[in-house]
$ cat start-v1.tsv   # TSV, C-alpha atoms and all ligand atoms
chain	number	residue	atom	x	y	z
A	1	MET	CA	73.87	14.32	132.80
A	2	ALA	CA	72.73	17.42	134.67
A	3	GLU	CA	70.32	16.87	137.53
A	4	TYR	CA	67.04	18.66	136.97
A	5	LYS	CA	64.69	19.79	139.69
A	6	LEU	CA	61.31	21.42	139.21
A	7	ILE	CA	60.01	23.20	142.30
A	8	TYR	CA	56.32	24.05	142.51
A	9	PHE	CA	53.35	23.56	144.80
A	10	ASN	CA	51.33	20.34	144.82
A	11	LEU	CA	49.42	21.67	141.83
A	12	ARG	CA	49.26	21.06	138.10
A	13	ALA	CA	48.55	24.69	137.08
A	14	ARG	CA	51.73	26.35	135.78
A	15	ALA	CA	54.06	23.36	136.13
A	16	GLU	CA	52.12	20.54	134.53
A	17	ILE	CA	53.27	21.24	130.99
A	18	VAL	CA	56.90	20.90	132.12
A	19	ARG	CA	56.11	17.56	133.74
A	20	TRP	CA	54.41	16.24	130.59
A	21	ILE	CA	57.38	17.31	128.44
A	22	PHE	CA	59.96	15.62	130.66
A	23	LYS	CA	57.81	12.50	130.94
A	24	GLN	CA	57.35	12.29	127.17
A	25	GLY	CA	61.07	12.87	126.65
A	26	ASP	CA	61.83	10.19	129.26
A	27	ILE	CA	64.10	12.67	131.02
A	28	PRO	CA	64.42	12.16	134.78
A	29	PHE	CA	63.76	15.15	137.04
A	30	ILE	CA	62.94	15.79	140.67
A	31	ASP	CA	59.35	16.95	141.02
A	32	GLU	CA	59.59	18.86	144.31
A	33	ARG	CA	56.25	20.03	145.69
A	34	VAL	CA	56.30	22.68	148.42
A	35	ASN	CA	53.64	22.46	151.14
A	36	ILE	CA	51.66	25.67	151.46
A	37	GLU	CA	52.55	25.93	155.15
A	38	ASP	CA	56.29	25.79	154.32
A	39	TRP	CA	56.00	28.37	151.55
A	40	PRO	CA	56.61	31.62	153.54
A	41	GLU	CA	60.06	30.30	154.63
A	42	LYS	CA	60.87	28.66	151.30
A	43	LYS	CA	59.86	31.82	149.41
A	44	LYS	CA	62.80	33.66	151.03
A	45	THR	CA	65.17	31.23	149.31
A	46	ILE	CA	63.66	31.58	145.83
A	47	PRO	CA	64.98	34.43	143.68
A	48	GLY	CA	61.91	36.36	142.57
A	49	GLY	CA	59.78	34.66	145.25
A	50	LYS	CA	57.50	32.82	142.81
A	51	LEU	CA	57.08	29.23	141.68
A	52	PRO	CA	57.69	27.29	139.55
A	53	VAL	CA	61.44	27.47	139.33
A	54	PHE	CA	63.71	25.01	137.69
A	55	ILE	CA	67.09	24.12	139.12
A	56	VAL	CA	69.84	22.99	136.78
A	57	ASN	CA	73.35	22.74	138.16
A	58	GLU	CA	73.82	25.97	140.13
A	59	HIS	CA	71.23	27.89	138.12
A	60	THR	CA	67.67	28.74	139.12
A	61	LEU	CA	65.43	29.40	136.14
A	62	PRO	CA	62.06	31.13	136.77
A	63	GLN	CA	58.96	31.48	134.52
A	64	SER	CA	56.98	28.40	133.62
A	65	LEU	CA	57.02	28.89	129.87
A	66	ALA	CA	60.77	29.52	129.77
A	67	ILE	CA	61.18	26.29	131.73
A	68	ALA	CA	58.81	24.49	129.34
A	69	ARG	CA	60.82	25.65	126.31
A	70	PHE	CA	64.06	24.52	127.92
A	71	ALA	CA	62.49	21.14	128.71
A	72	ALA	CA	61.11	20.84	125.18
A	73	LYS	CA	64.54	21.43	123.66
A	74	LYS	CA	66.03	18.75	125.88
A	75	ALA	CA	63.17	16.37	124.99
A	76	LYS	CA	63.57	17.15	121.27
A	77	LEU	CA	60.01	18.41	121.10
A	78	VAL	CA	60.80	21.76	119.44
A	79	PRO	CA	60.60	21.77	115.63
A	80	GLU	CA	63.68	22.88	113.72
A	81	ASN	CA	61.65	25.30	111.63
A	82	ASP	CA	61.73	28.69	113.43
A	83	LEU	CA	58.27	29.72	112.31
A	84	GLU	CA	56.76	26.44	113.49
A	85	ALA	CA	58.57	26.86	116.80
A	86	ALA	CA	57.17	30.40	117.09
A	87	PHE	CA	53.63	29.13	116.43
A	88	ILE	CA	54.02	26.78	119.36
A	89	ASP	CA	55.24	29.66	121.56
A	90	ALA	CA	52.15	31.62	120.49
A	91	LEU	CA	49.89	28.68	121.30
A	92	ALA	CA	51.47	28.29	124.75
A	93	ASP	CA	51.06	32.02	125.47
A	94	THR	CA	47.40	31.89	124.41
A	95	ILE	CA	46.71	28.85	126.54
A	96	TYR	CA	48.41	30.44	129.55
A	97	GLU	CA	46.37	33.63	129.18
A	98	ILE	CA	43.13	31.65	129.16
A	99	MET	CA	44.22	29.43	132.02
A	100	ALA	CA	45.32	32.41	134.13
A	101	GLU	CA	41.86	33.92	133.72
A	102	PHE	CA	40.28	30.61	134.56
A	103	TYR	CA	42.36	29.96	137.69
A	104	LYS	CA	41.63	33.48	138.91
A	105	ILE	CA	37.94	32.62	138.95
A	106	HIS	CA	38.52	29.12	140.29
A	107	MET	CA	40.65	30.36	143.21
A	108	SER	CA	38.76	33.53	144.07
A	109	LYS	CA	37.16	33.94	147.48
A	110	LYS	CA	33.70	34.30	145.94
A	111	THR	CA	30.89	31.86	146.76
A	112	GLU	CA	30.60	28.66	144.71
A	113	GLU	CA	27.45	30.07	143.11
A	114	GLU	CA	29.18	33.29	142.07
A	115	LYS	CA	32.12	31.32	140.69
A	116	LYS	CA	29.77	29.08	138.70
A	117	ALA	CA	28.16	32.15	137.14
A	118	GLN	CA	31.59	33.60	136.30
A	119	LYS	CA	32.69	30.34	134.71
A	120	GLU	CA	29.54	30.27	132.63
A	121	GLU	CA	30.43	33.72	131.28
A	122	PHE	CA	34.06	32.82	130.80
A	123	LEU	CA	33.29	29.75	128.68
A	124	PRO	CA	31.71	31.48	125.63
A	125	LYS	CA	33.91	34.56	126.00
A	126	SER	CA	37.34	32.99	126.22
A	127	VAL	CA	37.28	29.22	125.88
A	128	LEU	CA	34.89	28.44	123.04
A	129	PRO	CA	36.44	30.91	120.54
A	130	ALA	CA	39.81	29.28	121.21
A	131	MET	CA	38.30	25.82	120.76
A	132	GLU	CA	36.80	26.85	117.40
A	133	LYS	CA	40.18	28.08	116.18
A	134	LEU	CA	41.94	24.95	117.39
A	135	GLU	CA	39.34	22.75	115.72
A	136	LYS	CA	39.99	24.47	112.39
A	137	ARG	CA	43.72	24.25	112.84
A	138	LEU	CA	43.69	20.53	113.64
A	139	THR	CA	41.24	19.45	110.97
A	140	GLY	CA	43.13	17.33	108.46
A	141	ARG	CA	46.37	17.59	110.42
A	142	GLU	CA	48.18	14.89	112.30
A	143	TRP	CA	49.79	17.22	114.86
A	144	TYR	CA	49.60	20.93	115.74
A	145	VAL	CA	52.64	21.83	113.60
A	146	SER	CA	54.82	19.69	111.34
A	147	ASP	CA	54.37	15.96	110.92
A	148	ASN	CA	55.71	15.18	114.34
A	149	LEU	CA	54.65	15.48	117.92
A	150	THR	CA	55.92	18.71	119.52
A	151	TRP	CA	55.50	20.35	122.90
A	152	GLY	CA	52.63	22.33	121.32
A	153	ASP	CA	50.63	19.10	121.22
A	154	LEU	CA	51.43	18.44	124.86
A	155	ALA	CA	50.46	22.02	125.80
A	156	LEU	CA	47.11	21.47	124.10
A	157	GLY	CA	46.64	18.19	125.93
A	158	VAL	CA	47.33	19.86	129.28
A	159	PHE	CA	44.90	22.65	128.39
A	160	LEU	CA	42.02	20.31	127.57
A	161	ASN	CA	42.80	18.16	130.56
A	162	GLU	CA	42.48	21.22	132.82
A	163	LEU	CA	39.26	22.33	131.14
A	164	LYS	CA	37.63	19.31	132.69
A	165	LEU	CA	37.38	21.56	135.73
A	166	LEU	CA	34.77	23.40	133.67
A	167	ASN	CA	32.78	20.22	133.08
A	168	LEU	CA	33.66	20.52	129.43
A	169	ASP	CA	34.09	16.80	129.04
A	170	ASP	CA	31.94	16.66	125.97
A	171	LEU	CA	34.22	17.59	123.07
A	172	ALA	CA	31.83	16.07	120.52
A	173	LYS	CA	31.39	19.45	118.83
A	174	TYR	CA	35.12	19.51	118.17
A	175	PRO	CA	35.95	16.14	116.56
A	176	ALA	CA	39.47	17.05	115.42
A	177	LEU	CA	40.32	18.47	118.83
A	178	LYS	CA	38.82	15.42	120.53
A	179	ALA	CA	40.81	13.02	118.33
A	180	HIS	CA	43.97	15.04	118.99
A	181	TYR	CA	43.37	14.99	122.76
A	182	GLU	CA	42.81	11.24	122.70
A	183	LYS	CA	45.99	10.74	120.69
A	184	VAL	CA	48.10	12.84	123.05
A	185	THR	CA	46.70	11.29	126.21
A	186	SER	CA	47.21	7.80	124.75
A	187	LEU	CA	50.95	8.32	124.28
A	188	PRO	CA	52.24	5.57	126.59
A	189	ARG	CA	54.38	7.86	128.77
A	190	ILE	CA	51.66	10.50	129.08
A	191	LYS	CA	49.06	7.84	129.82
A	192	GLU	CA	51.27	6.41	132.54
A	193	TRP	CA	51.79	9.88	134.03
A	194	LEU	CA	48.06	10.62	134.03
A	195	GLU	CA	47.45	7.37	135.88
A	196	SER	CA	50.19	7.88	138.44
A	197	ARG	CA	50.54	11.63	139.05
A	198	PRO	CA	49.80	13.05	142.50
A	199	LYS	CA	46.23	14.21	142.99
A	200	SER	CA	45.61	17.93	143.29
A	201	GLY	CA	42.69	20.31	142.90
A	202	MET	CA	44.13	22.19	139.97
B	1	LIG	N1	54.67	34.21	135.19
B	1	LIG	C1	55.07	33.32	136.25
B	1	LIG	C2	54.05	33.45	137.37
B	1	LIG	C3	54.49	32.72	138.62
B	1	LIG	C4	53.41	32.80	139.72
B	1	LIG	O1	52.61	33.75	139.76
B	1	LIG	N2	53.45	31.83	140.63
B	1	LIG	C5	52.50	31.78	141.71
B	1	LIG	C6	51.84	30.41	141.75
B	1	LIG	S1	51.03	29.99	140.26
B	1	LIG	C7	53.24	31.94	143.04
B	1	LIG	O2	54.41	31.62	143.15
B	1	LIG	N3	52.53	32.41	144.07
B	1	LIG	C8	53.04	32.48	145.42
B	1	LIG	C9	53.53	33.83	145.79
B	1	LIG	O3	53.50	34.78	144.98
B	1	LIG	O4	53.96	33.96	146.97
B	1	LIG	C10	55.17	31.87	135.69
B	1	LIG	O5	54.46	31.57	134.72
B	1	LIG	O6	55.98	31.09	136.20

$ encode --input "start-v1.tsv" --output "structure tokens" --more "lines below"
Ligand SMILES: N[C@@H](CCC(=O)N[C@@H](CS)C(=O)NCC(=O)O)C(=O)O
Amino acid sequence: MAEYKLIYFNLRARAEIVRWIFKQGDIPFIDERVNIEDWPEKKKTIPGGKLPVFIVNEHTLPQSLAIARFAAKKAKLVPENDLEAAFIDALADTIYEIMAEFYKIHMSKKTEEEKKAQKEEFLPKSVLPAMEKLEKRLTGREWYVSDNLTWGDLALGVFLNELKLLNLDDLAKYPALKAHYEKVTSLPRIKEWLESRPKSGM
């Protein structure tokens, strides 16, 4: 079997979905985390100069969502139906757009007070409309698409897990989303990962 290596910083951010997929698929991979102080040197060795990258045999694959799709195929977490698969791609793109906006605020050099104000604006503008749509989508459904778990469900789990940074712990207004989150994070391999993964700020 090919040896897989994911290279990223000691962050969840753009790599966490890949880790959840490989964990759920029980596929071994090396989870290399580059120290910030080593990054300027390491960057010179990375085609494109950005992380994450994924190393498989002699190939270096960039772009987190391309890596996630590759991982999901290997973990058999992509539905066979092309339209269902495309809906998951759309979900992942939407989540990444929201998260990119969120991390931009979270990591900016503004004061904590300014960031808090920005997050308060961001919540009703970007997050809550997405939550409403997801709530509708999940009501009466077992999983995001099809009757089986897919990487779309894991992407949603990662998304909600990250939103805890917004103190959005109370999902009571979104019962279907809450139940879905609890189901995903109770999957034994995901649960184990959540309990054992390295700590990081985001
Ligand atoms: N679209 C790319 C974005 C990659 C990206 O911007 N990576 C950032 C970290 S999240 C990075 O490598 N920053 C360090 C640098 O540019 O030197 C992806 O999703 O993988």

$ residues_near_ligand --input "start-v1.tsv" --ligand "ligand LIG 1 (chain B)" --cutoff "6 Å" --atoms "all atoms listed in the file" --output "PyMOL selection string"
chain A and resi 14+50-52+63-64

$ atom_distance --input "start-v1.tsv" --atom1 "CA of Val145 (chain A)" --atom2 "CA of Pro79 (chain A)"
8.2 Å

$ residues_near_point --input "start-v1.tsv" --point "(68.8, 34.9, 143.7)" --cutoff "10 Å" --atoms "all atoms listed in the file" --output "compact mmCIF listing (two decimals) with C-alpha atoms, keeping the file's coordinate frame"
# COMPACT_ATOMS: atom_id res chain seq x y z
CA LYS A 44 62.80 33.66 151.03
CA THR A 45 65.17 31.23 149.31
CA ILE A 46 63.66 31.58 145.83
CA PRO A 47 64.98 34.43 143.68
CA GLY A 48 61.91 36.36 142.57
CA GLY A 49 59.78 34.66 145.25
CA HIS A 59 71.23 27.89 138.12
CA THR A 60 67.67 28.74 139.12
CA LEU A 61 65.43 29.40 136.14

$ residues_around --input "start-v1.tsv" --residues "Trp20 (chain A)" --least-positions-apart "6" --cutoff "9 Å" --atoms "all atoms listed in the file" --output "short mmCIF file (atom, residue, chain, number, x, y, z; two decimals) with C-alpha atoms, keeping the file's coordinate frame"
data_model
loop_
_atom_site.label_atom_id
_atom_site.label_comp_id
_atom_site.auth_asym_id
_atom_site.auth_seq_id
_atom_site.Cartn_x
_atom_site.Cartn_y
_atom_site.Cartn_z
CA TRP A 151 55.50 20.35 122.90
CA LEU A 154 51.43 18.44 124.86
CA ALA A 155 50.46 22.02 125.80
CA VAL A 158 47.33 19.86 129.28
CA ARG A 189 54.38 7.86 128.77
CA ILE A 190 51.66 10.50 129.08
CA TRP A 193 51.79 9.88 134.03
#

$ closest_residue --input "start-v1.tsv" --among "A:Leu128, A:Leu65, A:Met1, A:Ile36" --to "Ala15 (chain A)" --atoms "only C-alpha atoms"
A:Leu65

$ closest_residue --input "start-v1.tsv" --among "A:His180, A:Lys43, A:His106, A:Arg33" --to "Arg141 (chain A)" --atoms "all atoms listed in the file"
A:His180

$ closest_residue --input "start-v1.tsv" --among "A:Arg12, A:Lys136, A:Lys76, A:Lys5" --to "Gln24 (chain A)" --atoms "all atoms listed in the file"
A:Lys76

$ closest_residue --input "start-v1.tsv" --among "A:Leu77, A:Ala13, A:Val127, A:Met107" --to "Asp147 (chain A)" --atoms "all atoms listed in the file"
A:Leu77

$ atom_distance --input "start-v1.tsv" --atom1 "CA of Asp93 (chain A)" --atom2 "CA of Trp143 (chain A)"
18.3 Å

$ closest_residue --input "start-v1.tsv" --among "A:Ile30, A:Ile98, A:Glu80, A:Ile7" --to "Phe54 (chain A)" --atoms "all atoms listed in the file"
A:Ile7

$ residues_around --input "start-v1.tsv" --residues "Arg19 (chain A)" --least-positions-apart "2" --cutoff "9 Å" --atoms "all atoms listed in the file" --output "list in words"
Leu6, Arg12, Ala15, Glu16, Ile17, Ile21, Phe22, Lys23, Gln24, Phe29, Asp31, Ala68, Ala71 and Trp193 of chain A

$ atom_distance --input "start-v1.tsv" --atom1 "CA of Glu3 (chain A)" --atom2 "CA of Val56 (chain A)"
6.2 Å

$ axis_aligned_box --input "start-v1.tsv" --around "region 57-76 of chain A" --padding-each-side "5 Å" --output "JSON"
{"center_x": 65.4, "center_y": 23.9, "center_z": 130.7, "size_x": 26.8, "size_y": 25.1, "size_z": 28.9}

$ residues_near_point --input "start-v1.tsv" --point "(44.3, 34.7, 124.4)" --cutoff "12 Å" --atoms "all atoms listed in the file" --output "list of chain:residue names"
A:Ala90, A:Leu91, A:Ala92, A:Asp93, A:Thr94, A:Ile95, A:Tyr96, A:Glu97, A:Ile98, A:Met99, A:Ala100, A:Glu101, A:Phe102, A:Lys125, A:Ser126, A:Val127, A:Leu128, A:Pro129, A:Ala130, A:Met131, A:Lys133

$ closest_residue --input "start-v1.tsv" --among "A:Arg197, A:Lys109, A:Lys42, A:Lys74" --to "Tyr4 (chain A)" --atoms "only C-alpha atoms"
A:Lys74
